[in-house]
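Shown next: start.txt, containing compact mmCIF, C-alpha atoms.
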```txt
# COMPACT_ATOMS: atom_id res chain seq x y z
CA MET E 1 0.00 0.00 0.00
CA SER E 2 1.23 3.48 -0.80
CA LYS E 3 2.74 5.37 2.11
CA THR E 4 2.17 8.76 0.46
CA PHE E 5 0.10 11.09 2.62
CA LEU E 6 -1.99 13.52 0.59
CA TRP E 7 -4.10 16.17 2.29
CA ASN E 8 -7.41 17.29 0.82
CA ARG E 9 -7.39 20.97 1.77
CA PHE E 10 -10.93 21.48 0.48
CA ALA E 11 -12.56 18.86 2.73
CA ASP E 12 -10.03 19.01 5.60
CA GLN E 13 -9.15 15.33 5.50
CA PRO E 14 -6.60 13.02 3.85
CA HIS E 15 -7.16 11.44 0.47
CA ASN E 16 -7.50 7.66 0.51
CA VAL E 17 -4.08 6.04 0.32
CA ALA E 18 -5.16 3.24 -2.02
CA PRO E 19 -8.15 1.77 -3.90
CA LYS E 20 -10.66 -0.34 -1.95
CA LYS E 21 -9.26 -3.62 -3.26
CA GLU E 22 -5.76 -2.78 -2.10
CA ARG E 23 -7.06 -1.63 1.29
CA PHE E 24 -8.90 -4.96 1.64
CA TRP E 25 -5.75 -6.96 1.06
CA ASN E 26 -3.91 -4.78 3.54
CA HIS E 27 -6.51 -5.65 6.20
CA PHE E 28 -6.14 -9.32 5.27
CA LYS E 29 -2.41 -8.98 5.90
CA TYR E 30 -3.15 -7.99 9.49
CA ALA E 31 -5.67 -10.79 10.06
CA ALA E 32 -4.00 -11.83 13.32
CA THR E 33 -4.96 -8.53 14.94
CA TYR E 34 -8.61 -9.15 14.09
CA ILE E 35 -8.46 -12.50 15.85
CA SER E 36 -7.23 -10.76 19.00
CA LEU E 37 -10.04 -8.24 18.58
CA PHE E 38 -12.56 -11.07 18.62
CA ALA E 39 -11.05 -12.59 21.76
CA SER E 40 -11.08 -9.29 23.61
CA ASN E 41 -14.71 -8.57 22.69
CA LEU E 42 -15.74 -12.06 23.70
CA ARG E 43 -14.34 -11.54 27.21
CA TYR E 44 -16.44 -8.43 27.75
CA ALA E 45 -19.60 -9.48 25.92
CA SER E 46 -21.53 -10.51 29.03
CA PRO E 47 -20.92 -7.42 31.23
CA VAL E 48 -21.39 -5.09 28.27
CA LEU E 49 -24.74 -6.57 27.27
CA ALA E 50 -25.91 -6.54 30.89
CA LEU E 51 -24.99 -2.86 31.19
CA TYR E 52 -26.63 -2.06 27.86
CA ARG E 53 -29.95 -3.54 29.00
CA GLN E 54 -29.67 -1.60 32.26
CA TYR E 55 -28.87 1.68 30.49
CA ARG E 56 -31.66 1.29 27.97
CA LYS E 57 -34.23 0.76 30.74
CA LYS E 58 -33.36 4.01 32.50
CA MET E 59 -32.66 6.03 29.36
CA TYR E 60 -34.76 9.23 29.14
CA LYS E 61 -36.49 8.34 32.42
CA GLU E 62 -34.00 9.92 34.82
CA GLN E 63 -33.15 13.56 35.31
CA VAL E 64 -29.98 14.81 33.64
CA ARG E 65 -28.28 18.11 34.39
CA ILE E 66 -27.36 19.86 31.15
CA GLY E 67 -24.45 22.08 32.13
CA ALA E 68 -22.36 23.51 29.29
CA PRO E 69 -21.86 20.45 27.05
CA PHE E 70 -21.93 22.28 23.71
CA GLY E 71 -18.68 22.39 21.77
CA VAL E 72 -17.62 23.51 18.30
CA SER E 73 -14.31 22.78 16.57
CA VAL E 74 -12.41 25.71 15.10
CA SER E 75 -9.27 26.31 13.08
CA PRO E 76 -6.98 29.33 12.71
CA ALA E 77 -8.06 31.53 9.81
CA GLY E 78 -5.16 33.92 9.39
CA GLU E 79 -6.29 37.53 9.56
CA ARG E 80 -9.86 36.37 10.21
CA SER E 81 -9.05 34.25 13.28
CA GLU E 82 -10.54 36.87 15.58
CA GLU E 83 -13.76 36.69 13.58
CA VAL E 84 -13.85 32.92 14.14
CA VAL E 85 -13.66 33.39 17.91
CA GLU E 86 -16.33 36.09 17.80
CA TYR E 87 -18.68 33.59 16.16
CA LEU E 88 -18.15 31.25 19.12
CA GLU E 89 -18.96 34.06 21.52
CA GLU E 90 -22.07 34.98 19.52
CA MET E 91 -23.40 31.42 19.82
CA GLY E 92 -22.65 31.27 23.54
CA ILE E 93 -20.19 28.40 23.08
CA ARG E 94 -17.95 27.74 26.09
CA HIS E 95 -15.93 24.83 24.70
CA CYS E 96 -14.05 24.38 21.46
CA LEU E 97 -11.66 21.87 19.92
CA VAL E 98 -8.64 22.73 17.80
CA ARG E 99 -6.81 20.22 15.62
CA ILE E 100 -3.02 20.33 15.35
CA PRO E 101 -1.67 18.03 12.61
CA SER E 102 1.77 16.55 13.20
CA TRP E 103 2.83 17.85 9.77
CA GLU E 104 2.16 21.42 10.90
CA LYS E 105 4.48 21.46 13.91
CA GLU E 106 6.37 24.32 12.30
CA LYS E 107 3.22 26.44 12.63
CA LEU E 108 2.87 26.27 16.42
CA ASP E 109 3.35 30.04 16.63
CA ILE E 110 0.16 30.45 14.58
CA TYR E 111 -1.73 28.11 16.90
CA GLU E 112 -0.41 29.91 19.98
CA ARG E 113 -1.75 33.25 18.73
CA PHE E 114 -5.09 31.58 17.99
CA PHE E 115 -5.25 30.07 21.48
CA ARG E 116 -4.59 33.49 22.95
CA LEU E 117 -7.66 34.84 21.15
CA ILE E 118 -9.78 31.96 22.43
CA ARG E 119 -8.66 32.42 26.02
CA GLU E 120 -9.40 36.16 25.89
CA LYS E 121 -13.07 35.20 25.43
CA HIS E 122 -12.86 32.77 28.39
CA ILE E 123 -13.58 29.79 26.15
CA GLU E 124 -12.03 26.46 27.13
CA PHE E 125 -10.40 24.39 24.40
CA ILE E 126 -8.98 20.93 23.88
CA ILE E 127 -6.38 20.00 21.30
CA ALA E 128 -6.77 17.04 18.94
CA LEU E 129 -3.45 15.68 17.67
CA LEU E 130 -3.58 14.35 14.11
CA GLN E 131 -1.21 11.69 12.80
CA GLN E 132 -0.02 10.46 9.43
CA ARG E 133 1.74 7.29 8.29
CA ASP E 134 5.24 8.65 8.89
CA ASP E 135 4.41 9.04 12.58
CA VAL E 136 3.75 5.29 12.76
CA LEU E 137 6.81 4.26 10.79
CA HIS E 138 9.08 6.68 12.68
CA PRO E 139 7.97 6.73 16.35
CA LEU E 140 10.55 9.35 17.32
CA ARG E 141 8.85 11.76 14.94
CA TRP E 142 5.56 11.38 16.85
CA GLN E 143 7.36 11.62 20.20
CA HIS E 144 9.06 14.88 19.25
CA PHE E 145 5.76 16.28 18.04
CA LEU E 146 4.12 15.42 21.37
CA GLU E 147 7.03 16.96 23.29
CA ASP E 148 6.67 20.18 21.31
CA VAL E 149 2.91 20.43 21.79
CA PHE E 150 2.70 19.31 25.44
CA SER E 151 5.58 21.51 26.57
CA ARG E 152 4.24 24.55 24.76
CA PHE E 153 0.50 24.30 25.44
CA GLY E 154 0.23 22.06 28.51
CA SER E 155 -0.09 25.09 30.81
CA ILE E 156 -3.11 26.52 28.94
CA CYS E 157 -4.84 23.34 27.71
CA SER E 158 -5.56 20.42 30.03
CA PHE E 159 -6.89 17.86 27.54
CA PHE E 160 -5.25 16.46 24.42
CA GLU E 161 -6.93 13.92 22.14
CA THR E 162 -4.16 11.62 21.00
CA GLY E 163 -4.62 10.26 17.50
CA HIS E 164 -7.57 10.75 15.21
CA ALA E 165 -9.97 8.50 13.27
CA TRP E 166 -7.23 5.86 13.23
CA ASN E 167 -9.64 3.12 12.15
CA ARG E 168 -9.52 4.64 8.67
CA THR E 169 -6.35 3.76 6.73
CA LYS E 170 -6.20 7.19 5.10
CA TRP E 171 -5.20 8.56 8.51
CA GLY E 172 -2.06 6.43 8.45
CA ILE E 173 -2.80 3.67 10.98
CA TRP E 174 -3.54 0.21 9.66
CA ASN E 175 -4.38 -1.77 12.80
CA TYR E 176 -5.17 -1.12 16.45
CA MET E 177 -1.73 -2.29 17.65
CA GLU E 178 -0.14 0.57 15.74
CA TYR E 179 -2.52 2.99 17.46
CA LEU E 180 -1.67 1.52 20.87
CA ASN E 181 2.02 2.05 20.20
CA MET E 182 1.31 5.74 19.58
CA VAL E 183 -0.78 6.00 22.75
CA HIS E 184 1.92 4.32 24.81
CA THR E 185 4.32 6.96 23.57
CA SER E 186 1.87 9.64 24.68
CA MET E 187 1.22 8.37 28.21
CA PRO E 188 4.61 9.02 29.91
CA LEU E 189 4.89 12.39 28.17
CA ALA E 190 1.41 13.36 29.37
CA GLN E 191 2.47 12.52 32.91
CA LYS E 192 5.73 14.47 32.49
CA TYR E 193 3.94 17.63 31.38
CA GLY E 194 0.85 17.23 33.57
CA VAL E 195 -1.69 16.98 30.78
CA LYS E 196 -4.68 14.68 30.39
CA LEU E 197 -5.30 12.36 27.47
CA VAL E 198 -8.54 11.91 25.54
CA GLY E 199 -9.12 8.90 23.30
CA PRO E 200 -9.36 6.55 21.53
CA ALA E 201 -11.07 8.78 18.90
CA VAL E 202 -12.63 5.92 16.95
CA ILE E 203 -14.80 7.13 14.09
CA ASP E 204 -18.24 5.71 13.24
CA PHE E 205 -20.02 2.63 14.57
CA GLU E 206 -16.98 0.43 15.24
CA PHE E 207 -17.33 -0.17 18.96
CA HIS E 208 -15.49 -3.50 18.76
CA LEU E 209 -12.25 -1.49 18.76
CA TYR E 210 -12.76 -0.14 22.27
CA PRO E 211 -12.20 -3.32 24.38
CA PRO E 212 -8.66 -4.17 23.16
CA VAL E 213 -7.60 -0.51 23.32
CA LEU E 214 -9.12 0.28 26.72
CA GLU E 215 -7.50 -2.86 28.12
CA LYS E 216 -4.06 -1.42 27.49
CA ALA E 217 -4.43 2.36 27.38
CA LEU E 218 -5.50 4.84 30.03
CA PHE E 219 -7.50 7.89 29.03
CA ASP E 220 -8.86 10.63 31.28
CA LYS E 221 -11.86 11.11 28.96
CA ILE E 222 -13.19 8.60 26.44
CA SER E 223 -13.88 10.02 23.00
CA SER E 224 -15.77 8.93 19.93
CA LEU E 225 -16.28 10.46 16.50
CA LEU E 226 -19.83 9.16 16.49
CA TYR E 227 -21.76 9.47 13.26
CA VAL E 228 -25.13 7.76 12.92
CA ASP E 229 -26.72 8.20 9.51
CA ARG E 230 -24.74 10.73 7.50
CA MET E 231 -27.39 11.01 4.81
CA GLY E 232 -30.40 11.02 7.07
CA ALA E 233 -31.92 11.82 10.43
CA PRO E 234 -30.26 10.90 13.74
CA GLU E 235 -33.34 8.79 14.52
CA ASN E 236 -32.60 6.61 11.47
CA THR E 237 -30.98 3.25 12.07
CA GLN E 238 -27.75 1.63 10.95
CA PHE E 239 -28.04 -2.14 11.26
CA GLY E 240 -30.95 -1.46 13.62
CA TRP E 241 -29.10 1.10 15.76
CA ASP E 242 -30.19 4.73 16.01
CA THR E 243 -28.46 7.52 17.95
CA SER E 244 -30.05 6.60 21.27
CA ARG E 245 -29.15 2.93 21.02
CA LYS E 246 -25.63 3.66 19.82
CA VAL E 247 -24.97 6.05 22.69
CA ALA E 248 -26.25 3.53 25.24
CA LEU E 249 -24.21 0.71 23.70
CA LEU E 250 -21.04 2.79 23.54
CA LYS E 251 -21.38 3.79 27.19
CA ALA E 252 -21.96 0.14 28.09
CA VAL E 253 -18.85 -0.91 26.16
CA ILE E 254 -16.74 1.75 27.84
CA ASP E 255 -17.98 1.07 31.37
CA GLY E 256 -18.03 -2.70 30.89
CA CYS E 257 -14.42 -2.82 29.72
CA SER E 258 -13.04 -0.55 32.42
CA ARG E 259 -15.31 -1.77 35.23
CA LYS E 260 -16.08 1.83 36.18
CA ASN E 261 -17.89 4.88 34.83
CA HIS E 262 -16.02 7.05 32.36
CA ASP E 263 -17.01 10.42 30.96
CA LEU E 264 -17.81 10.17 27.26
CA TRP E 265 -17.08 12.99 24.84
CA ILE E 266 -18.21 12.98 21.22
CA THR E 267 -15.41 14.96 19.61
CA GLU E 268 -16.70 15.00 16.05
CA VAL E 269 -20.03 14.92 14.26
CA ASN E 270 -21.46 16.74 11.24
CA TRP E 271 -23.63 16.35 8.17
CA ALA E 272 -22.02 17.10 4.81
CA LEU E 273 -23.92 19.51 2.57
CA LYS E 274 -25.41 19.30 -0.89
CA GLY E 275 -24.16 21.66 -3.55
CA THR E 276 -20.71 22.15 -2.01
CA GLY E 277 -18.84 20.00 -4.54
CA LYS E 278 -15.17 19.43 -3.75
CA TYR E 279 -15.62 20.98 -0.31
CA SER E 280 -17.87 18.15 0.89
CA PRO E 281 -16.11 15.37 2.83
CA ALA E 282 -18.61 12.92 1.34
CA SER E 283 -20.20 12.38 -2.05
CA GLY E 284 -23.57 11.47 -3.51
CA LYS E 285 -26.73 10.85 -1.49
CA ILE E 286 -24.91 11.27 1.80
CA ASN E 287 -25.13 15.07 1.51
CA VAL E 288 -28.11 16.92 3.03
CA THR E 289 -29.63 20.38 2.65
CA GLU E 290 -28.62 23.23 4.94
CA LYS E 291 -32.02 23.14 6.65
CA GLU E 292 -31.78 19.39 7.24
CA GLN E 293 -28.32 19.87 8.70
CA ALA E 294 -29.70 22.43 11.17
CA ASP E 295 -32.55 20.12 12.21
CA TYR E 296 -30.31 17.06 12.58
CA LEU E 297 -27.73 18.98 14.61
CA VAL E 298 -30.23 19.91 17.32
CA ARG E 299 -31.89 16.50 17.35
CA TYR E 300 -28.53 14.71 17.64
CA PHE E 301 -27.42 16.90 20.56
CA ILE E 302 -30.67 16.46 22.48
CA LEU E 303 -30.91 12.71 21.91
CA SER E 304 -27.33 12.25 23.09
CA LEU E 305 -27.21 14.68 25.99
CA ALA E 306 -30.62 13.78 27.46
CA SER E 307 -29.48 10.15 27.65
CA GLY E 308 -27.16 11.09 30.49
CA PHE E 309 -24.35 9.09 28.89
CA VAL E 310 -22.60 11.89 26.98
CA GLU E 311 -20.89 14.70 28.84
CA ARG E 312 -19.91 16.86 25.88
CA ILE E 313 -20.31 17.06 22.08
CA TYR E 314 -18.15 18.97 19.58
CA TRP E 315 -19.50 19.84 16.14
CA TRP E 316 -16.87 19.64 13.39
CA GLN E 317 -16.49 22.45 12.52
CA LEU E 318 -17.43 26.17 12.71
CA VAL E 319 -16.09 27.55 9.41
CA ALA E 320 -16.05 25.13 6.46
CA PRO E 321 -17.68 25.34 3.01
CA GLY E 322 -18.71 21.68 2.86
CA TYR E 323 -20.20 21.11 6.31
CA GLY E 324 -19.52 24.03 8.66
CA LEU E 325 -21.89 26.30 10.54
CA VAL E 326 -20.40 29.16 8.52
CA ASP E 327 -19.83 29.14 4.75
CA SER E 328 -16.50 30.77 3.87
CA ARG E 329 -16.54 30.47 0.08
CA ARG E 330 -17.15 34.17 -0.45
CA LYS E 331 -15.47 37.23 0.96
CA GLU E 332 -18.52 37.89 3.12
CA TRP E 333 -18.85 34.79 5.30
CA ARG E 334 -22.40 33.51 5.71
CA ARG E 335 -23.96 32.05 8.82
CA ARG E 336 -25.87 28.92 7.83
CA PRO E 337 -29.17 27.77 9.37
CA SER E 338 -27.18 25.34 11.55
CA PHE E 339 -25.37 28.33 13.10
CA PHE E 340 -28.66 29.80 14.32
CA ALA E 341 -29.93 26.36 15.35
CA MET E 342 -26.86 25.87 17.54
CA LYS E 343 -27.16 29.38 19.00
CA THR E 344 -30.84 28.89 19.84
CA MET E 345 -30.27 25.43 21.34
CA VAL E 346 -27.48 26.68 23.58
CA SER E 347 -29.57 29.60 24.83
CA HIS E 348 -32.44 27.31 25.85
CA LEU E 349 -30.71 24.16 27.04
CA GLU E 350 -27.50 25.31 28.72
CA GLY E 351 -27.97 25.17 32.47
CA SER E 352 -31.27 23.28 32.19
CA ILE E 353 -32.33 19.95 33.64
CA PHE E 354 -33.77 17.22 31.44
CA LEU E 355 -36.78 15.74 33.23
CA GLU E 356 -38.24 13.00 31.04
CA LYS E 357 -39.25 11.98 27.57
CA ILE E 358 -42.99 12.33 27.02
CA PRO E 359 -44.65 9.33 25.32
CA HIS E 360 -46.12 10.16 21.92
CA PRO E 361 -47.03 7.86 19.01
CA GLN E 362 -45.19 10.01 16.46
CA ALA E 363 -43.26 12.91 17.93
CA GLU E 364 -40.13 13.15 20.05
CA ILE E 365 -40.98 15.31 23.07
CA PHE E 366 -38.33 16.02 25.72
CA SER E 367 -39.23 17.81 28.95
CA PHE E 368 -36.82 20.34 30.52
CA CYS E 369 -36.81 22.92 33.28
CA LYS E 370 -34.52 25.91 33.69
CA GLY E 371 -34.96 27.82 36.89
CA GLU E 372 -38.71 28.21 37.27
CA LYS E 373 -39.38 27.78 33.56
CA HIS E 374 -40.69 24.50 32.18
CA PHE E 375 -40.51 23.73 28.47
CA PHE E 376 -40.53 20.95 25.90
CA ALA E 377 -38.16 20.46 22.99
CA CYS E 378 -40.11 18.61 20.30
CA TRP E 379 -39.88 17.45 16.70
CA ILE E 380 -40.97 14.58 14.49
CA ASN E 381 -39.00 12.32 12.17
CA GLY E 382 -41.62 11.95 9.49
CA THR E 383 -44.93 13.54 8.54
CA SER E 384 -45.79 16.64 10.57
CA CYS E 385 -48.71 16.67 13.00
CA GLU E 386 -50.58 19.10 15.21
CA HIS E 387 -50.41 18.44 18.93
CA VAL E 388 -52.68 19.98 21.55
CA PHE E 389 -50.81 20.36 24.84
CA SER E 390 -52.77 19.83 28.05
CA ARG E 391 -51.12 22.83 29.72
CA ARG E 392 -51.40 26.46 28.65
CA VAL E 393 -48.69 27.26 26.11
CA VAL E 394 -47.29 30.76 26.65
CA ARG E 395 -44.44 30.76 24.17
CA VAL E 396 -43.14 28.75 21.21
CA VAL E 397 -39.65 29.34 19.83
CA ASP E 398 -38.59 27.89 16.48
CA TRP E 399 -35.20 26.28 15.81
CA ASP E 400 -33.73 29.63 14.69
CA GLY E 401 -34.93 31.65 17.68
CA GLN E 402 -38.04 33.09 15.99
CA GLU E 403 -41.18 33.41 18.12
CA LEU E 404 -44.21 31.56 16.71
CA LEU E 405 -47.88 32.33 17.17
CA VAL E 406 -49.77 30.07 19.57
CA ARG E 407 -53.40 29.08 18.97
CA ASP E 408 -55.45 27.12 21.53
CA ASN E 409 -52.35 25.38 22.95
CA THR E 410 -51.89 23.75 19.54
CA VAL E 411 -48.39 23.43 18.11
CA LYS E 412 -47.44 22.06 14.73
CA ILE E 413 -44.66 19.55 15.22
CA ASP E 414 -42.43 18.83 12.24
CA GLY E 415 -38.79 17.99 11.53
CA SER E 416 -37.52 21.31 12.92
CA PRO E 417 -37.14 21.30 16.72
CA LYS E 418 -39.29 23.76 18.63
CA TYR E 419 -39.12 24.94 22.23
CA VAL E 420 -42.58 25.06 23.81
CA TYR E 421 -42.91 26.99 27.10
CA PHE E 422 -45.78 26.67 29.62
```
What is this structure when it is put down as structure tokens?
Amino acid sequence: MSKTFLWNRFADQPHNVAPKKERFWNHFKYAATYISLFASNLRYASPVLALYRQYRKKMYKEQVRIGAPFGVSVSPAGERSEEVVEYLEEMGIRHCLVRIPSWEKEKLDIYERFFRLIREKHIEFIIALLQQRDDVLHPLRWQHFLEDVFSRFGSICSFFETGHAWNRTKWGIWNYMEYLNMVHTSMPLAQKYGVKLVGPAVIDFEFHLYPPVLEKALFDKISSLLYVDRMGAPENTQFGWDTSRKVALLKAVIDGCSRKNHDLWITEVNWALKGTGKYSPASGKINVTEKEQADYLVRYFILSLASGFVERIYWWQLVAPGYGLVDSRRKEWRRRPSFFAMKTMVSHLEGSIFLEKIPHPQAEIFSFCKGEKHFFACWINGTSCEHVFSRRVVRVVDWDGQELLVRDNTVKIDGSPKYVYF
């Protein structure tokens, strides 16, 4: 397989290193590691399934404090970096994630200036460390990169996600043992510089990779790049698993393998957009409209956070033509519908308490309170319907913060989340 690392600057990801057929034969070459994967998963199957059943029974039936779990990933933007941080402040975002690729270690001055801007707005940030194939083949290269980053930013950033989407060969790692070697390099350095590690940063629905990694690696926060249905709603299923079931299963896998509760962070999720061409990280039917992206963003956050199993979620990312909350293709940057959906969601849900999920044959209705105010967040994955609430409705706010007229306590519930106050 080719070792050439090629970066797609339009979609912010690497190009595939080889055709599918060649990648298949490469996986076949490492068949022994898959056998060890099976053995590890078999050992934990019983406690994980028991926990999953337990978590599913209590899911959406227990109160959950929604503190400040909303995060957005950002990148330096040269002369417009200050504008990027102002967008975060406008949305009320308190947490952000910044990627530092190992091949950009000569640009740490740029990142330091960017971090200074973020800290001036009192926004906390974590750093995700990206790898390429050369870091695997030359471990000292990765070690020196970690030394540079930890020593320089360890005093202003507590958490570092080590490695990224390593279960995709285009990111330079071809089996989980190679990832573990990189993590084992990170652990003593993290202790030396007093920083905390986040991982294992597995992308998509590949939870079988957690047991063998968590057996041998210690993380302060467990992370997942958890996508559900990239071309459809978060309530849609993949092999029978929707967002709620995936979150419960992932938490069960994590807790079952470590024999204790771990905080779970989702450090990447997005929906790629139609009509963005080369800027989209996906192709074909997987892309959605800007309005669908806004709806799915809010629904994904609520489904995950109200479960009580996810402490924090980071949207990837703020400014990006193909999937971001802000479209940067023109000189005048444009806030997309998802930008306003995030802003509205944060204003209503931050600092609230999730109470319960209200049974309904069609709609998703989640009950919250914030101070003395009681409200529902509601939507429907399918045909819209009108719902008459039993309590007097005093206010209805649409996904974008617009006030809607209320008639006889009747609210039209459709795919766009609404906040209904009593």
Rank E:Gly401, E:Gly232, E:Pro359, E:Gly92 by their smallest atom-to-atom distance to Glu292 in chain E, using only C-alpha atoms, and report the top residue only.
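For Glu292 in chain E, the nearest of the given residues is E:Gly232.
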Smallest atom-to-atom distance to Pro101 in chain E: which of E:Pro69, E:Gly324, E:Pro139, E:Pro14, using all atoms listed in the file?
E:Pro14
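Between Glu104 in chain E and the candidates E:Arg329, E:Trp7, E:Glu62, E:Glu89, the tightest atom-to-atom separation, counting only C-alpha atoms, involves E:Trp7.
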Given all atoms listed in the file as the basis, pick out the residue of E:Leu214, E:Leu318, E:Ala306, E:Leu325 nearest to Gln293 in chain E.
E:Leu325
If we count only C-alpha atoms and set the cut-off at 7 Å, which residues sit around range 380-392 of chain E, ignoring sequence neighbours fewer than 4 positions away in its own chain? Please answer as a list in words.
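Using only C-alpha atoms, the neighbours found are Gln362, Ala363, Glu364, Asn409, Thr410, Val411, Lys412, Ile413, Asp414, Gly415 and Phe422 of chain E.
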Taking into account all atoms listed in the file, which residue in the set E:Ile66, E:Leu189, E:Ala11, E:Ala50 is nearest to Trp316 in chain E?
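Nearest to Trp316 in chain E: E:Ala11.
Nearest residue to Asp220 in chain E among E:Gly240, E:Thr162, E:Glu178, E:Glu268 is E:Thr162, counting only C-alpha atoms.
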Calculate how many Å separate CA of Trp241 in chain E from CA of Gly277 in chain E, rounding to one decimal.
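Answer for the CA of Trp241 in chain E to CA of Gly277 in chain E separation: 29.6 Å.
Non-sequential neighbours of range 190-200 of chain E (distance at most 8 Å, separation of 4 or more positions within a chain, all atoms listed in the file) are Phe150, Ser151, Gly154, Cys157, Ser158, Phe159, Phe160, Glu161, Thr162, Gly163, His164, Ser186, Tyr210, Val213, Leu218, Phe219, Asp220, Lys221, Ile222, Ser223 and Ser224 of chain E.
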Give me, please, the distance in Å between CA of Phe376 in chain E and CA of Leu225 in chain E, quoted to one decimal.
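So the answer is 28.0 Å.
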9 Å contact set for Pro76 in chain E, all atoms listed in the file, chain neighbours under 4 positions out, as a VMD selection string:
chain E and resid 80 to 82 84 98 110 to 111 113 to 115
Length of the CA of Ser367 in chain E to CA of Trp271 in chain E vector [Å]:
26.0 Å
Using all atoms listed in the file, give me every residue within 12 Å of (-17.4, -0.1, 31.5) in file coordinates, as a PyMOL selection string.
chain E and resi 44-52+55+210-211+214-215+222+248-264+309
Using only C-alpha atoms - which residues lie no farther than 9 Å from the point (-31.9, 24.0, 22.0) in the file's frame? Write them as a PDB file with C-alpha atoms, in the coordinates of the input.
```pdb
ATOM      1  CA  VAL E 298     -30.230  19.910  17.320  1.00  0.00           C
ATOM      2  CA  ARG E 299     -31.890  16.500  17.350  1.00  0.00           C
ATOM      3  CA  PHE E 301     -27.420  16.900  20.560  1.00  0.00           C
ATOM      4  CA  ILE E 302     -30.670  16.460  22.480  1.00  0.00           C
ATOM      5  CA  ALA E 341     -29.930  26.360  15.350  1.00  0.00           C
ATOM      6  CA  MET E 342     -26.860  25.870  17.540  1.00  0.00           C
ATOM      7  CA  LYS E 343     -27.160  29.380  19.000  1.00  0.00           C
ATOM      8  CA  THR E 344     -30.840  28.890  19.840  1.00  0.00           C
ATOM      9  CA  MET E 345     -30.270  25.430  21.340  1.00  0.00           C
ATOM     10  CA  VAL E 346     -27.480  26.680  23.580  1.00  0.00           C
ATOM     11  CA  SER E 347     -29.570  29.600  24.830  1.00  0.00           C
ATOM     12  CA  HIS E 348     -32.440  27.310  25.850  1.00  0.00           C
ATOM     13  CA  LEU E 349     -30.710  24.160  27.040  1.00  0.00           C
ATOM     14  CA  GLU E 350     -27.500  25.310  28.720  1.00  0.00           C
ATOM     15  CA  ALA E 377     -38.160  20.460  22.990  1.00  0.00           C
ATOM     16  CA  TRP E 399     -35.200  26.280  15.810  1.00  0.00           C
ATOM     17  CA  PRO E 417     -37.140  21.300  16.720  1.00  0.00           C
ATOM     18  CA  LYS E 418     -39.290  23.760  18.630  1.00  0.00           C
ATOM     19  CA  TYR E 419     -39.120  24.940  22.230  1.00  0.00           C
TER      20      TYR E 419
END
```
N, CA and C atoms are what I want for range 272-283 of chain E; can you complete it accordingly and write them as a PDB file, in the coordinates of the input?
```
ATOM      1  N   ALA E 272     -22.547  16.439   6.003  1.00  0.00           N
ATOM      2  CA  ALA E 272     -22.020  17.100   4.810  1.00  0.00           C
ATOM      3  C   ALA E 272     -23.172  17.673   3.981  1.00  0.00           C
ATOM      4  N   LEU E 273     -22.868  18.728   3.217  1.00  0.00           N
ATOM      5  CA  LEU E 273     -23.920  19.510   2.570  1.00  0.00           C
ATOM      6  C   LEU E 273     -23.970  19.341   1.054  1.00  0.00           C
ATOM      7  N   LYS E 274     -25.187  19.326   0.559  1.00  0.00           N
ATOM      8  CA  LYS E 274     -25.410  19.300  -0.890  1.00  0.00           C
ATOM      9  C   LYS E 274     -24.919  20.600  -1.531  1.00  0.00           C
ATOM     10  N   GLY E 275     -24.508  20.477  -2.793  1.00  0.00           N
ATOM     11  CA  GLY E 275     -24.160  21.660  -3.550  1.00  0.00           C
ATOM     12  C   GLY E 275     -22.827  22.282  -3.196  1.00  0.00           C
ATOM     13  N   THR E 276     -22.006  21.579  -2.405  1.00  0.00           N
ATOM     14  CA  THR E 276     -20.710  22.150  -2.010  1.00  0.00           C
ATOM     15  C   THR E 276     -19.548  21.514  -2.774  1.00  0.00           C
ATOM     16  N   GLY E 277     -19.846  20.553  -3.651  1.00  0.00           N
ATOM     17  CA  GLY E 277     -18.840  20.000  -4.540  1.00  0.00           C
ATOM     18  C   GLY E 277     -17.616  19.467  -3.852  1.00  0.00           C
ATOM     19  N   LYS E 278     -16.449  19.939  -4.257  1.00  0.00           N
ATOM     20  CA  LYS E 278     -15.170  19.430  -3.750  1.00  0.00           C
ATOM     21  C   LYS E 278     -14.967  19.730  -2.263  1.00  0.00           C
ATOM     22  N   TYR E 279     -15.766  20.633  -1.718  1.00  0.00           N
ATOM     23  CA  TYR E 279     -15.620  20.980  -0.310  1.00  0.00           C
ATOM     24  C   TYR E 279     -16.316  19.972   0.615  1.00  0.00           C
ATOM     25  N   SER E 280     -17.167  19.138   0.074  1.00  0.00           N
ATOM     26  CA  SER E 280     -17.870  18.150   0.890  1.00  0.00           C
ATOM     27  C   SER E 280     -16.942  16.978   1.211  1.00  0.00           C
ATOM     28  N   PRO E 281     -16.919  16.530   2.472  1.00  0.00           N
ATOM     29  CA  PRO E 281     -16.110  15.370   2.830  1.00  0.00           C
ATOM     30  C   PRO E 281     -16.727  14.054   2.384  1.00  0.00           C
ATOM     31  N   ALA E 282     -17.913  14.107   1.821  1.00  0.00           N
ATOM     32  CA  ALA E 282     -18.610  12.920   1.340  1.00  0.00           C
ATOM     33  C   ALA E 282     -19.103  13.191  -0.073  1.00  0.00           C
ATOM     34  N   SER E 283     -19.691  12.192  -0.686  1.00  0.00           N
ATOM     35  CA  SER E 283     -20.200  12.380  -2.050  1.00  0.00           C
ATOM     36  C   SER E 283     -21.542  11.680  -2.202  1.00  0.00           C
TER      37      SER E 283
END
```
